[in-house]
Amino acid sequence: MKQIIAMTLAGVTFLTVPACENLTTEQRTIVGMTGGAAAGLITADMFDANRDWRLIAALAGAAAGTIVAQNDATQQCAYARGDGTYIVAPCP
């Protein structure tokens, strides 16, 4: 049952992403943070994690969602060089 709920939420999220194109940078950041936290929490719940790991997963998801939202706002992507460093350049 949890997988069905998670897949439904993922599908709804995928369908609503195009609606974020006309948001300001601050609004994108908030949406990214909220969506990332929700994704982390849902993932931890699917693995039946305890309360501490659910909090950690939600915080990590919020951080990742914020970074993705900010990079989307600047249209800059980070490319790994393979030696642990990266270069920032315009997205394709």
# chains A, B, ... in the order shown; residues from 1 in each chain; ligands from 1
>>> residues_around(residues="Leu55 of chain A", least_positions_apart="3", cutoff="9 Å", atoms="only C-alpha atoms", output="list in words")
Gly40, Leu41, Ala44, Asn50, Arg51, Asp52, Ala58, Leu59 and Ala60 of chain A
>>> write_last_selection(atoms="C-alpha atoms", output="PDB file, in the first residue's frame")
ATOM      1  CA  GLY A  40      12.840  12.454   1.936  1.00  0.00           C
ATOM      2  CA  LEU A  41      10.126  11.758   4.472  1.00  0.00           C
ATOM      3  CA  ALA A  44      12.225   7.073   4.885  1.00  0.00           C
ATOM      4  CA  ASN A  50      12.692   5.167  12.884  1.00  0.00           C
ATOM      5  CA  ARG A  51      11.829   8.735  13.912  1.00  0.00           C
ATOM      6  CA  ASP A  52      15.435   9.991  13.895  1.00  0.00           C
ATOM      7  CA  ALA A  58      13.491  15.127   5.535  1.00  0.00           C
ATOM      8  CA  LEU A  59      16.332  17.580   6.241  1.00  0.00           C
ATOM      9  CA  ALA A  60      18.526  16.076   3.532  1.00  0.00           C
TER      10      ALA A  60
END
>>> residues_around(residues="segment 74-87 of chain A", least_positions_apart="4", cutoff="12 Å", atoms="only C-alpha atoms", output="PyMOL selection string")
chain A and resi 24-25+28-29+67-70+91-92
>>> write_last_selection(atoms="C-alpha atoms", output="mmCIF file, in the first residue's frame")
data_model
loop_
_atom_site.group_PDB
_atom_site.id
_atom_site.type_symbol
_atom_site.label_atom_id
_atom_site.label_comp_id
_atom_site.auth_asym_id
_atom_site.auth_seq_id
_atom_site.Cartn_x
_atom_site.Cartn_y
_atom_site.Cartn_z
ATOM 1 C CA THR A 24 9.992 34.012 -8.295
ATOM 2 C CA THR A 25 13.340 32.784 -6.989
ATOM 3 C CA ARG A 28 10.994 28.312 -6.212
ATOM 4 C CA THR A 29 13.254 27.863 -3.211
ATOM 5 C CA ILE A 67 19.842 23.389 -4.296
ATOM 6 C CA VAL A 68 17.914 22.065 -7.286
ATOM 7 C CA ALA A 69 15.466 24.980 -7.142
ATOM 8 C CA GLN A 70 18.257 27.544 -6.960
ATOM 9 C CA CYS A 91 22.753 23.913 -18.607
ATOM 10 C CA PRO A 92 22.167 22.291 -22.008
#
>>> residues_around(residues="Thr34 of chain A", least_positions_apart="6", cutoff="9 Å", atoms="only C-alpha atoms", output="ChimeraX atom specification")
/A:61-62,65-66
>>> write_last_selection(atoms="all heavy atoms", output="CSV table (one decimal), in the first residue's frame")
chain,number,residue,atom,x,y,z
A,61,GLY,N,16.5,15.9,2.2
A,61,GLY,CA,15.6,16.2,1.1
A,61,GLY,C,15.4,17.7,0.9
A,61,GLY,O,15.4,18.2,-0.2
A,62,ALA,N,15.2,18.4,2.0
A,62,ALA,CA,14.9,19.8,1.9
A,62,ALA,C,16.2,20.5,1.4
A,62,ALA,O,16.1,21.4,0.6
A,62,ALA,CB,14.6,20.4,3.3
A,65,GLY,N,16.4,19.7,-2.4
A,65,GLY,CA,15.4,20.4,-3.1
A,65,GLY,C,15.7,21.9,-3.2
A,65,GLY,O,15.4,22.5,-4.3
A,66,THR,N,16.3,22.5,-2.2
A,66,THR,CA,16.7,23.9,-2.3
A,66,THR,C,17.8,24.1,-3.3
A,66,THR,O,17.7,25.1,-4.1
A,66,THR,CB,17.1,24.4,-0.9
A,66,THR,OG1,16.1,24.2,0.0
A,66,THR,CG2,17.5,25.8,-0.9
>>> residues_around(residues="Thr43 of chain A", least_positions_apart="3", cutoff="9 Å", atoms="only C-alpha atoms", output="ChimeraX atom specification")
/A:6,38-40,46-49,54,57-58
>>> atom_distance(atom1="atom CA of Trp53 of chain A", atom2="atom CA of Gly32 of chain A")
20.5 Å
>>> atom_distance(atom1="atom CA of Met33 of chain A", atom2="atom CA of Ala63 of chain A")
6.5 Å
